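Visitor: My file is work.cif. It has mmCIF, C-alpha atoms:
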```
data_final
loop_
_atom_site.group_PDB
_atom_site.id
_atom_site.type_symbol
_atom_site.label_atom_id
_atom_site.label_comp_id
_atom_site.auth_asym_id
_atom_site.auth_seq_id
_atom_site.Cartn_x
_atom_site.Cartn_y
_atom_site.Cartn_z
ATOM 1 C CA MET A 602 91.887 23.633 241.888
ATOM 2 C CA LYS A 603 89.064 25.848 243.175
ATOM 3 C CA SER A 604 91.388 28.816 243.418
ATOM 4 C CA TRP A 605 92.801 28.264 239.951
ATOM 5 C CA LEU A 606 89.357 28.263 238.399
ATOM 6 C CA ALA A 607 88.357 31.296 240.465
ATOM 7 C CA TYR A 608 91.499 33.025 239.218
ATOM 8 C CA LEU A 609 90.659 32.087 235.624
ATOM 9 C CA ALA A 610 87.112 33.425 236.048
ATOM 10 C CA GLY A 611 88.518 36.661 237.494
ATOM 11 C CA LEU A 612 91.007 36.898 234.644
ATOM 12 C CA LEU A 613 88.336 36.506 231.952
ATOM 13 C CA PHE A 614 86.092 38.915 233.856
ATOM 14 C CA GLY A 615 88.879 41.514 234.066
ATOM 15 C CA ALA A 616 89.727 41.149 230.380
ATOM 16 C CA GLY A 617 86.036 41.544 229.552
ATOM 17 C CA LEU A 618 85.802 44.708 231.648
ATOM 18 C CA ALA A 619 88.842 46.210 229.916
ATOM 19 C CA TRP A 620 87.733 45.190 226.418
ATOM 20 C CA SER A 621 84.169 46.407 226.911
ATOM 21 C CA GLY A 622 85.172 49.908 228.029
ATOM 22 C CA MET A 623 83.830 49.488 231.571
ATOM 23 C CA ALA A 624 87.322 50.125 232.965
ATOM 24 C CA ASP A 625 87.471 53.524 231.230
ATOM 25 C CA PRO A 626 85.830 56.208 233.406
ATOM 26 C CA HIS A 627 85.256 58.386 230.326
ATOM 27 C CA LYS A 628 83.130 55.658 228.754
ATOM 28 C CA VAL A 629 81.241 55.042 231.989
ATOM 29 C CA LEU A 630 80.517 58.721 232.614
ATOM 30 C CA GLY A 631 79.637 59.140 228.925
ATOM 31 C CA PHE A 632 76.989 56.450 229.417
ATOM 32 C CA LEU A 633 75.650 57.923 232.657
ATOM 33 C CA ASP A 634 75.548 61.447 231.202
ATOM 34 C CA VAL A 635 72.169 61.185 229.472
ATOM 35 C CA ALA A 636 71.895 64.972 229.165
ATOM 36 C CA GLY A 637 75.286 65.281 227.451
ATOM 37 C CA ALA A 638 76.705 63.548 224.368
ATOM 38 C CA TRP A 639 75.200 60.224 225.455
ATOM 39 C CA ASP A 640 77.249 57.123 224.645
ATOM 40 C CA PRO A 641 75.026 54.014 224.835
ATOM 41 C CA SER A 642 77.933 51.542 224.517
ATOM 42 C CA LEU A 643 77.700 50.269 228.073
ATOM 43 C CA LEU A 644 74.097 49.276 227.563
ATOM 44 C CA LEU A 645 75.451 46.701 225.100
ATOM 45 C CA VAL A 646 77.931 45.442 227.692
ATOM 46 C CA MET A 647 74.997 44.658 229.965
ATOM 47 C CA VAL A 648 72.951 43.151 227.130
ATOM 48 C CA GLY A 649 75.809 40.840 226.134
ATOM 49 C CA ALA A 650 76.659 39.791 229.681
ATOM 50 C CA VAL A 651 73.080 39.315 230.885
ATOM 51 C CA LEU A 652 72.013 37.351 227.791
ATOM 52 C CA VAL A 653 74.916 34.919 228.061
ATOM 53 C CA TYR A 654 74.418 34.530 231.816
ATOM 54 C CA ALA A 655 70.637 34.149 231.602
ATOM 55 C CA ILE A 656 70.880 31.294 229.115
ATOM 56 C CA GLY A 657 73.957 29.692 230.676
ATOM 57 C CA GLN A 658 72.805 29.727 234.293
ATOM 58 C CA ARG A 659 69.687 27.767 233.362
ATOM 59 C CA LEU A 660 71.817 25.008 231.859
ATOM 60 C CA VAL A 661 74.365 25.069 234.687
ATOM 61 C CA THR A 662 71.900 24.974 237.586
ATOM 62 C CA ARG A 663 70.123 21.947 236.115
ATOM 63 C CA HIS A 664 72.966 19.951 237.584
ATOM 64 C CA ALA A 665 72.659 18.998 241.242
ATOM 65 C CA ARG A 666 75.947 20.656 242.180
ATOM 66 C CA PRO A 667 78.843 22.614 240.699
ATOM 67 C CA TRP A 668 82.023 20.811 239.631
ATOM 68 C CA LEU A 669 84.059 21.687 242.708
ATOM 69 C CA ASP A 670 81.584 22.276 245.510
ATOM 70 C CA GLU A 671 78.822 20.437 247.356
ATOM 71 C CA ARG A 672 76.143 22.906 246.358
ATOM 72 C CA PHE A 673 75.318 26.143 244.579
ATOM 73 C CA HIS A 674 75.611 29.228 246.785
ATOM 74 C CA LEU A 675 72.716 31.277 245.451
ATOM 75 C CA PRO A 676 71.117 34.260 247.197
ATOM 76 C CA ALA A 677 67.980 33.249 249.074
ATOM 77 C CA ASN A 678 66.918 36.731 250.168
ATOM 78 C CA ARG A 679 64.100 37.986 247.952
ATOM 79 C CA ARG A 680 63.016 40.988 249.990
ATOM 80 C CA ILE A 681 63.132 44.435 248.477
ATOM 81 C CA ASP A 682 63.744 46.539 251.577
ATOM 82 C CA VAL A 683 65.157 49.891 252.646
ATOM 83 C CA ARG A 684 68.649 48.432 253.109
ATOM 84 C CA LEU A 685 68.794 47.240 249.520
ATOM 85 C CA LEU A 686 67.492 50.474 248.023
ATOM 86 C CA ALA A 687 69.489 52.805 250.285
ATOM 87 C CA GLY A 688 72.685 50.870 249.588
ATOM 88 C CA ALA A 689 72.020 50.847 245.841
ATOM 89 C CA ALA A 690 71.268 54.593 245.920
ATOM 90 C CA LEU A 691 74.558 55.369 247.707
ATOM 91 C CA PHE A 692 76.464 53.113 245.339
ATOM 92 C CA GLY A 693 74.946 54.907 242.346
ATOM 93 C CA ILE A 694 75.982 58.313 243.672
ATOM 94 C CA GLY A 695 79.541 57.071 244.133
ATOM 95 C CA TRP A 696 79.535 55.454 240.676
ATOM 96 C CA GLY A 697 78.352 58.695 239.081
ATOM 97 C CA LEU A 698 80.895 60.747 240.996
ATOM 98 C CA GLY A 699 83.934 58.711 239.971
ATOM 99 C CA GLY A 700 82.915 56.500 237.048
ATOM 100 C CA TYR A 701 84.103 53.338 238.802
ATOM 101 C CA CYS A 702 82.060 50.415 240.048
ATOM 102 C CA PRO A 703 83.917 47.721 242.049
ATOM 103 C CA GLY A 704 84.967 45.451 239.139
ATOM 104 C CA PRO A 705 86.689 48.165 237.108
ATOM 105 C CA ALA A 706 88.191 49.680 240.279
ATOM 106 C CA LEU A 707 90.015 46.388 240.928
ATOM 107 C CA ALA A 708 90.703 45.502 237.292
ATOM 108 C CA GLY A 709 92.037 49.011 236.639
ATOM 109 C CA VAL A 710 95.025 48.280 238.876
ATOM 110 C CA GLY A 711 96.245 46.064 236.042
ATOM 111 C CA LEU A 712 95.982 49.020 233.664
ATOM 112 C CA GLY A 713 98.084 51.257 235.891
ATOM 113 C CA ASN A 714 95.205 53.679 236.346
ATOM 114 C CA ALA A 715 96.385 56.607 238.493
ATOM 115 C CA ASP A 716 92.857 57.460 239.745
ATOM 116 C CA LEU A 717 92.909 54.284 241.798
ATOM 117 C CA VAL A 718 95.617 55.605 244.114
ATOM 118 C CA TRP A 719 92.812 57.646 245.691
ATOM 119 C CA LEU A 720 89.729 55.674 244.841
ATOM 120 C CA LEU A 721 90.739 52.124 245.756
ATOM 121 C CA PRO A 722 91.814 52.681 249.395
ATOM 122 C CA ALA A 723 88.551 54.589 249.962
ATOM 123 C CA LEU A 724 86.589 51.724 248.386
ATOM 124 C CA LEU A 725 88.279 49.167 250.643
ATOM 125 C CA LEU A 726 87.641 51.419 253.653
ATOM 126 C CA GLY A 727 83.965 51.674 252.673
ATOM 127 C CA TRP A 728 83.620 47.890 252.440
ATOM 128 C CA TRP A 729 85.308 47.441 255.793
ATOM 129 C CA LEU A 730 83.270 50.175 257.526
ATOM 130 C CA ALA A 731 79.938 48.914 256.194
ATOM 131 C CA GLY A 732 80.891 45.368 257.193
ATOM 132 C CA ARG A 733 81.574 46.503 260.762
ATOM 133 C CA VAL A 734 78.244 48.292 260.988
ATOM 134 C CA ARG A 735 76.443 45.284 259.582
ATOM 135 C CA ARG A 736 77.822 42.975 262.219
ATOM 136 C CA GLY A 737 76.877 45.605 264.788
ATOM 137 C CA MET B 1413 83.184 65.076 226.678
ATOM 138 C CA GLY B 1414 81.238 62.364 224.913
ATOM 139 C CA ALA B 1415 83.084 59.209 223.934
ATOM 140 C CA ALA B 1416 82.557 57.480 220.598
ATOM 141 C CA PHE B 1417 79.962 54.708 220.368
ATOM 142 C CA THR B 1418 81.799 51.352 220.389
ATOM 143 C CA PRO B 1419 79.135 48.674 219.951
ATOM 144 C CA TRP B 1420 81.327 45.684 219.008
ATOM 145 C CA SER B 1421 83.889 45.911 221.785
ATOM 146 C CA ALA B 1422 81.041 46.614 224.225
ATOM 147 C CA LEU B 1423 79.131 43.525 223.117
ATOM 148 C CA GLY B 1424 82.258 41.351 222.918
ATOM 149 C CA GLY B 1425 83.478 42.447 226.342
ATOM 150 C CA GLY B 1426 79.997 41.916 227.740
ATOM 151 C CA VAL B 1427 79.836 38.362 226.404
ATOM 152 C CA LEU B 1428 83.258 37.646 227.933
ATOM 153 C CA ILE B 1429 82.048 38.983 231.299
ATOM 154 C CA GLY B 1430 79.002 36.693 231.032
ATOM 155 C CA VAL B 1431 81.194 33.685 230.238
ATOM 156 C CA ALA B 1432 83.475 34.456 233.195
ATOM 157 C CA ALA B 1433 80.483 34.703 235.538
ATOM 158 C CA LEU B 1434 79.149 31.380 234.202
ATOM 159 C CA LEU B 1435 82.506 29.696 234.784
ATOM 160 C CA LEU B 1436 82.451 30.743 238.438
ATOM 161 C CA LEU B 1437 78.894 29.427 238.770
ATOM 162 C CA ALA B 1438 79.601 26.109 237.050
ATOM 163 C CA ALA B 1439 82.884 25.429 238.858
ATOM 164 C CA LEU B 1440 82.384 26.879 242.347
ATOM 165 C CA GLY B 1441 78.626 27.450 242.443
ATOM 166 C CA ARG B 1442 79.202 31.096 243.275
ATOM 167 C CA ILE B 1443 77.616 34.331 242.076
ATOM 168 C CA ALA B 1444 80.231 36.496 240.324
ATOM 169 C CA GLY B 1445 79.491 39.642 242.287
ATOM 170 C CA VAL B 1446 82.722 41.574 242.602
ATOM 171 C CA SER B 1447 81.680 43.586 245.660
ATOM 172 C CA GLY B 1448 80.358 40.515 247.471
ATOM 173 C CA ILE B 1449 83.441 38.437 246.724
ATOM 174 C CA ALA B 1450 85.930 41.163 247.640
ATOM 175 C CA ALA B 1451 84.123 42.744 250.618
ATOM 176 C CA ALA B 1452 83.947 39.378 252.420
ATOM 177 C CA LEU B 1453 87.749 39.547 252.635
ATOM 178 C CA LEU B 1454 87.478 42.626 254.885
ATOM 179 C CA PRO B 1455 88.083 41.111 257.330
ATOM 180 C CA PRO B 1456 88.908 37.627 255.950
ATOM 181 C CA ARG B 1457 87.262 34.550 257.456
ATOM 182 C CA ARG B 1458 89.165 31.325 257.890
ATOM 183 C CA GLY B 1459 88.442 28.724 255.213
ATOM 184 C CA ASP B 1460 86.800 31.256 252.905
ATOM 185 C CA ILE B 1461 89.764 33.242 251.645
ATOM 186 C CA ALA B 1462 91.632 31.485 248.825
ATOM 187 C CA TRP B 1463 89.000 31.422 246.054
ATOM 188 C CA ARG B 1464 87.906 34.984 246.821
ATOM 189 C CA LEU B 1465 91.462 36.298 246.721
ATOM 190 C CA ALA B 1466 92.160 34.336 243.532
ATOM 191 C CA PHE B 1467 89.133 35.856 241.767
ATOM 192 C CA VAL B 1468 90.027 39.379 242.938
ATOM 193 C CA LEU B 1469 93.634 38.989 241.756
ATOM 194 C CA GLY B 1470 92.375 37.657 238.437
ATOM 195 C CA LEU B 1471 90.637 40.962 237.656
ATOM 196 C CA PRO B 1472 93.762 43.168 237.234
ATOM 197 C CA SER B 1473 95.589 40.226 235.618
ATOM 198 C CA GLY B 1474 92.937 39.945 232.926
ATOM 199 C CA ALA B 1475 92.868 43.680 232.339
ATOM 200 C CA ALA B 1476 96.684 43.773 232.074
ATOM 201 C CA LEU B 1477 96.616 40.839 229.650
ATOM 202 C CA TRP B 1478 94.094 42.649 227.489
ATOM 203 C CA MET B 1479 96.230 45.796 227.520
ATOM 204 C CA LEU B 1480 99.207 43.860 226.088
ATOM 205 C CA GLY B 1481 97.354 43.667 222.805
ATOM 206 C CA GLN B 1482 96.544 47.391 222.806
ATOM 207 C CA ASP B 1483 98.467 50.519 222.095
ATOM 208 C CA SER B 1484 96.124 52.732 224.116
ATOM 209 C CA THR B 1485 97.465 54.893 226.905
ATOM 210 C CA ALA B 1486 96.291 55.244 230.497
ATOM 211 C CA LEU B 1487 92.585 55.721 231.100
ATOM 212 C CA ALA B 1488 92.512 57.813 234.255
ATOM 213 C CA SER B 1489 89.906 60.562 234.592
ATOM 214 C CA HIS B 1490 92.290 62.736 236.644
ATOM 215 C CA ALA B 1491 89.387 63.943 238.744
ATOM 216 C CA SER B 1492 90.422 65.577 242.003
ATOM 217 C CA PRO B 1493 91.625 63.287 244.807
ATOM 218 C CA TRP B 1494 88.739 64.224 247.098
ATOM 219 C CA GLN B 1495 86.185 63.443 244.397
ATOM 220 C CA LEU B 1496 87.778 60.054 243.722
ATOM 221 C CA ALA B 1497 88.080 59.213 247.410
ATOM 222 C CA LEU B 1498 84.475 60.200 248.133
ATOM 223 C CA ALA B 1499 83.363 58.162 245.115
ATOM 224 C CA GLY B 1500 85.268 55.114 246.340
ATOM 225 C CA LEU B 1501 83.881 55.409 249.859
ATOM 226 C CA LEU B 1502 80.273 55.675 248.645
ATOM 227 C CA VAL B 1503 80.722 52.729 246.274
ATOM 228 C CA GLY B 1504 82.182 50.633 249.093
ATOM 229 C CA VAL B 1505 79.554 51.461 251.700
ATOM 230 C CA GLY B 1506 76.679 51.338 249.219
ATOM 231 C CA THR B 1507 77.532 48.008 247.620
ATOM 232 C CA ARG B 1508 78.016 46.306 250.981
ATOM 233 C CA ILE B 1509 74.778 47.657 252.463
ATOM 234 C CA GLY B 1510 72.907 46.964 249.226
ATOM 235 C CA SER B 1511 74.445 43.477 248.845
ATOM 236 C CA GLY B 1512 75.802 43.933 245.344
ATOM 237 C CA CYS B 1513 77.004 46.058 242.480
ATOM 238 C CA THR B 1514 76.915 46.123 238.700
ATOM 239 C CA SER B 1515 78.123 42.521 238.459
ATOM 240 C CA GLY B 1516 76.204 40.818 241.285
ATOM 241 C CA HIS B 1517 72.881 42.603 240.865
ATOM 242 C CA GLY B 1518 73.456 43.703 237.268
ATOM 243 C CA VAL B 1519 74.845 40.718 235.372
ATOM 244 C CA CYS B 1520 74.026 37.774 237.660
ATOM 245 C CA GLY B 1521 70.871 39.123 239.323
ATOM 246 C CA LEU B 1522 69.221 40.241 236.096
ATOM 247 C CA GLY B 1523 70.372 37.014 234.424
ATOM 248 C CA ARG B 1524 68.524 35.069 237.145
ATOM 249 C CA PHE B 1525 65.448 37.294 236.742
ATOM 250 C CA SER B 1526 65.641 38.411 240.370
ATOM 251 C CA PRO B 1527 63.131 41.194 241.179
ATOM 252 C CA ARG B 1528 65.361 42.237 244.095
ATOM 253 C CA SER B 1529 68.302 42.776 241.767
ATOM 254 C CA LEU B 1530 66.139 44.599 239.237
ATOM 255 C CA ALA B 1531 65.066 47.021 241.972
ATOM 256 C CA ALA B 1532 68.705 47.567 242.944
ATOM 257 C CA VAL B 1533 69.835 48.097 239.324
ATOM 258 C CA LEU B 1534 67.091 50.621 238.586
ATOM 259 C CA THR B 1535 67.946 52.465 241.802
ATOM 260 C CA PHE B 1536 71.705 52.740 241.245
ATOM 261 C CA MET B 1537 71.300 53.589 237.552
ATOM 262 C CA LEU B 1538 68.930 56.411 238.490
ATOM 263 C CA THR B 1539 71.101 57.890 241.256
ATOM 264 C CA ALA B 1540 74.241 57.534 239.119
ATOM 265 C CA MET B 1541 72.629 59.420 236.233
ATOM 266 C CA LEU B 1542 71.280 62.097 238.585
ATOM 267 C CA CYS B 1543 74.715 62.449 240.179
ATOM 268 C CA VAL B 1544 76.442 62.903 236.816
ATOM 269 C CA TYR B 1545 73.767 65.390 235.792
ATOM 270 C CA ALA B 1546 74.325 67.350 239.004
ATOM 271 C CA TRP B 1547 78.102 67.678 238.790
ATOM 272 C CA ARG B 1548 78.455 67.971 235.023
ATOM 273 C CA HIS B 1549 75.467 70.196 234.171
ATOM 274 C CA LEU B 1550 74.087 71.886 237.289
ATOM 275 C CA LEU B 1551 77.240 72.550 239.289
ATOM 276 C CA PRO B 1552 79.117 74.519 236.578
ATOM 277 C CA GLY B 1553 76.092 76.851 236.322
ATOM 278 C CA TRP B 1554 76.020 77.459 240.071
ATOM 279 C CA LEU B 1555 79.729 78.125 240.205
ATOM 280 C CA ALA B 1556 79.688 80.472 237.218
#
```
Step by step, read the file and then write its structure as structure tokens.

Guide:
Amino acid sequence: MKSWLAYLAGLLFGAGLAWSGMADPHKVLGFLDVAGAWDPSLLLVMVGAVLVYAIGQRLVTRHARPWLDERFHLPANRRIDVRLLAGAALFGIGWGLGGYCPGPALAGVGLGNADLVWLLPALLLGWWLAGRVRRG
Amino acid sequence: MGAAFTPWSALGGGVLIGVAALLLLAALGRIAGVSGIAAALLPPRRGDIAWRLAFVLGLPSGAALWMLGQDSTALASHASPWQLALAGLLVGVGTRIGSGCTSGHGVCGLGRFSPRSLAAVLTFMLTAMLCVYAWRHLLPGWLA
């Protein structure tokens, strides 16, 4: 049951990414290219998603627990440290270089996107490498 | 190079992303951060695989389902293989070190009013915009 609902959430998420334009590197780079013919569309993707989530998560977390688990698994770390900022900075450089953040890189497989032949294995390698370093 | 402004599909897709993230929170109590969910499968840990894999497999399924209703062609940027591979590597390393990406820090973190996520979002937006500026506007001038 857990996996089915996780799959459904992933499915809706992937459809949302495709519909919104986030899975199209031209749209993403058009948004990041503030000095070019700037396309603000993706700002509205964030506005829509964050608004819905901000309101919804307040209602959801009023309950003691989620439907299918003992507790909510929410991040407890509140520190803004070098790790966070260095990681975010590297991620941004990669996002600007290719036009893909992780969601669209995975969802794009369903669109038959040829870029992902190169990008996705490197992304998986990056996750694996950084995970190894983190565990030391 | 600029794409047309598409406010309604952007807003509609964004709302759908928000609903999907809420579903994962309400049902499993989990943050819908794509990098966090997927990266924890590399390597997988016993007892914590099925829901993560299901969510990850849902992403291309949803995108494919959406494409059924479209007549648009492939979206690829056709950037050079080395550029795409370097981009993927940086996104992978960066999101794992920085504990999140556009979905975890962006949608969920900002939606929970987390200062930590706000700092991350401002940082990756800034470096992404600087990076695009460098290779689209500065680099062609240097190479000319």

Visitor: Pick out the closest residue to B:Ile1449 from this set: A:Leu707, A:Met647, A:Ala619, A:Leu691. Count all atoms listed in the file.

Guide: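 Ranked by minimum distance to B:Ile1449, first place goes to A:Leu707.
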
Visitor: Point out the residue among A:Pro667, A:Gly697, A:Gly649, A:Gly611 with the least atom-to-atom distance to A:Gly631, counting all atoms listed in the file.

Guide: A:Gly697

Visitor: Of the residues B:Arg1508, B:His1490, B:His1517, B:Arg1457, which is the one nearest to B:Ile1443, using all atoms listed in the file?

Guide: B:His1517

Visitor: Considering only C-alpha atoms, can you say which of B:Ala1422, B:Leu1551, B:Leu1538, B:Ala1546 comes closest to chain A?

Guide: B:Ala1422

Visitor: Give me, please, the distance in Å between atom CA of A:Ala687 and atom CA of A:Ala731, quoted to one decimal.

Guide: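 Computed distance, atom CA of A:Ala687 to atom CA of A:Ala731, equals 12.6 Å.
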
Visitor: Evaluate the PyMOL selection byres ((chain B and resi 1418) around 10) here and jot the selected residues down as a list in words.

Guide: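 When the PyMOL selection byres ((chain B and resi 1418) around 10) is applied to the shown file, the picked residues are Ser621, Gly622, Lys628, Asp640, Pro641, Ser642, Leu643 and Leu645 of chain A; Ala1415, Ala1416, Phe1417, Pro1419, Trp1420, Ser1421, Ala1422 and Leu1423 of chain B.
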
Visitor: Selection from above, C-alpha atoms, as a compact mmCIF listing (two decimals), in the frame of the given file, can you write it?

Guide:
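Listed below is the output, result_5.txt:
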```
# COMPACT_ATOMS: atom_id res chain seq x y z
CA SER A 621 84.17 46.41 226.91
CA GLY A 622 85.17 49.91 228.03
CA LYS A 628 83.13 55.66 228.75
CA ASP A 640 77.25 57.12 224.64
CA PRO A 641 75.03 54.01 224.84
CA SER A 642 77.93 51.54 224.52
CA LEU A 643 77.70 50.27 228.07
CA LEU A 645 75.45 46.70 225.10
CA ALA B 1415 83.08 59.21 223.93
CA ALA B 1416 82.56 57.48 220.60
CA PHE B 1417 79.96 54.71 220.37
CA PRO B 1419 79.14 48.67 219.95
CA TRP B 1420 81.33 45.68 219.01
CA SER B 1421 83.89 45.91 221.78
CA ALA B 1422 81.04 46.61 224.22
CA LEU B 1423 79.13 43.52 223.12
```

Visitor: Can you complete the atoms of stretch 664-680 of chain A to N, CA and C atoms and list them as a PDB file, in the frame of the given file?

Guide:
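Result file follows (out.pdb):
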```pdb
ATOM      1  N   HIS A 664      72.181  20.963 236.882  1.00  0.00           N
ATOM      2  CA  HIS A 664      72.966  19.951 237.584  1.00  0.00           C
ATOM      3  C   HIS A 664      72.736  20.086 239.088  1.00  0.00           C
ATOM      4  N   ALA A 665      72.927  18.988 239.808  1.00  0.00           N
ATOM      5  CA  ALA A 665      72.659  18.998 241.242  1.00  0.00           C
ATOM      6  C   ALA A 665      73.671  19.855 241.986  1.00  0.00           C
ATOM      7  N   ARG A 666      74.880  19.923 241.472  1.00  0.00           N
ATOM      8  CA  ARG A 666      75.947  20.656 242.180  1.00  0.00           C
ATOM      9  C   ARG A 666      76.984  21.140 241.183  1.00  0.00           C
ATOM     10  N   PRO A 667      77.745  22.164 241.572  1.00  0.00           N
ATOM     11  CA  PRO A 667      78.843  22.614 240.699  1.00  0.00           C
ATOM     12  C   PRO A 667      79.983  21.599 240.690  1.00  0.00           C
ATOM     13  N   TRP A 668      80.930  21.783 239.769  1.00  0.00           N
ATOM     14  CA  TRP A 668      82.023  20.811 239.631  1.00  0.00           C
ATOM     15  C   TRP A 668      82.821  20.636 240.909  1.00  0.00           C
ATOM     16  N   LEU A 669      83.073  21.727 241.623  1.00  0.00           N
ATOM     17  CA  LEU A 669      84.059  21.687 242.708  1.00  0.00           C
ATOM     18  C   LEU A 669      83.476  22.012 244.074  1.00  0.00           C
ATOM     19  N   ASP A 670      82.174  21.969 244.204  1.00  0.00           N
ATOM     20  CA  ASP A 670      81.584  22.276 245.510  1.00  0.00           C
ATOM     21  C   ASP A 670      80.389  21.363 245.736  1.00  0.00           C
ATOM     22  N   GLU A 671      79.940  21.306 246.997  1.00  0.00           N
ATOM     23  CA  GLU A 671      78.822  20.437 247.356  1.00  0.00           C
ATOM     24  C   GLU A 671      77.502  20.973 246.830  1.00  0.00           C
ATOM     25  N   ARG A 672      77.417  22.313 246.728  1.00  0.00           N
ATOM     26  CA  ARG A 672      76.143  22.906 246.358  1.00  0.00           C
ATOM     27  C   ARG A 672      76.356  24.275 245.721  1.00  0.00           C
ATOM     28  N   PHE A 673      75.300  24.780 245.096  1.00  0.00           N
ATOM     29  CA  PHE A 673      75.318  26.143 244.579  1.00  0.00           C
ATOM     30  C   PHE A 673      75.045  27.111 245.729  1.00  0.00           C
ATOM     31  N   HIS A 674      75.802  28.208 245.754  1.00  0.00           N
ATOM     32  CA  HIS A 674      75.611  29.228 246.785  1.00  0.00           C
ATOM     33  C   HIS A 674      74.836  30.385 246.168  1.00  0.00           C
ATOM     34  N   LEU A 675      73.522  30.248 246.113  1.00  0.00           N
ATOM     35  CA  LEU A 675      72.716  31.277 245.451  1.00  0.00           C
ATOM     36  C   LEU A 675      71.972  32.110 246.498  1.00  0.00           C
ATOM     37  N   PRO A 676      71.793  33.397 246.223  1.00  0.00           N
ATOM     38  CA  PRO A 676      71.117  34.260 247.197  1.00  0.00           C
ATOM     39  C   PRO A 676      69.687  33.788 247.441  1.00  0.00           C
ATOM     40  N   ALA A 677      69.328  33.706 248.730  1.00  0.00           N
ATOM     41  CA  ALA A 677      67.980  33.249 249.074  1.00  0.00           C
ATOM     42  C   ALA A 677      67.069  34.427 249.412  1.00  0.00           C
ATOM     43  N   ASN A 678      67.681  35.546 249.773  1.00  0.00           N
ATOM     44  CA  ASN A 678      66.918  36.731 250.168  1.00  0.00           C
ATOM     45  C   ASN A 678      66.178  37.310 248.960  1.00  0.00           C
ATOM     46  N   ARG A 679      64.883  37.447 249.056  1.00  0.00           N
ATOM     47  CA  ARG A 679      64.100  37.986 247.952  1.00  0.00           C
ATOM     48  C   ARG A 679      63.412  39.294 248.322  1.00  0.00           C
ATOM     49  N   ARG A 680      63.704  39.783 249.530  1.00  0.00           N
ATOM     50  CA  ARG A 680      63.016  40.988 249.990  1.00  0.00           C
ATOM     51  C   ARG A 680      63.600  42.253 249.388  1.00  0.00           C
TER      52      ARG A 680
END
```
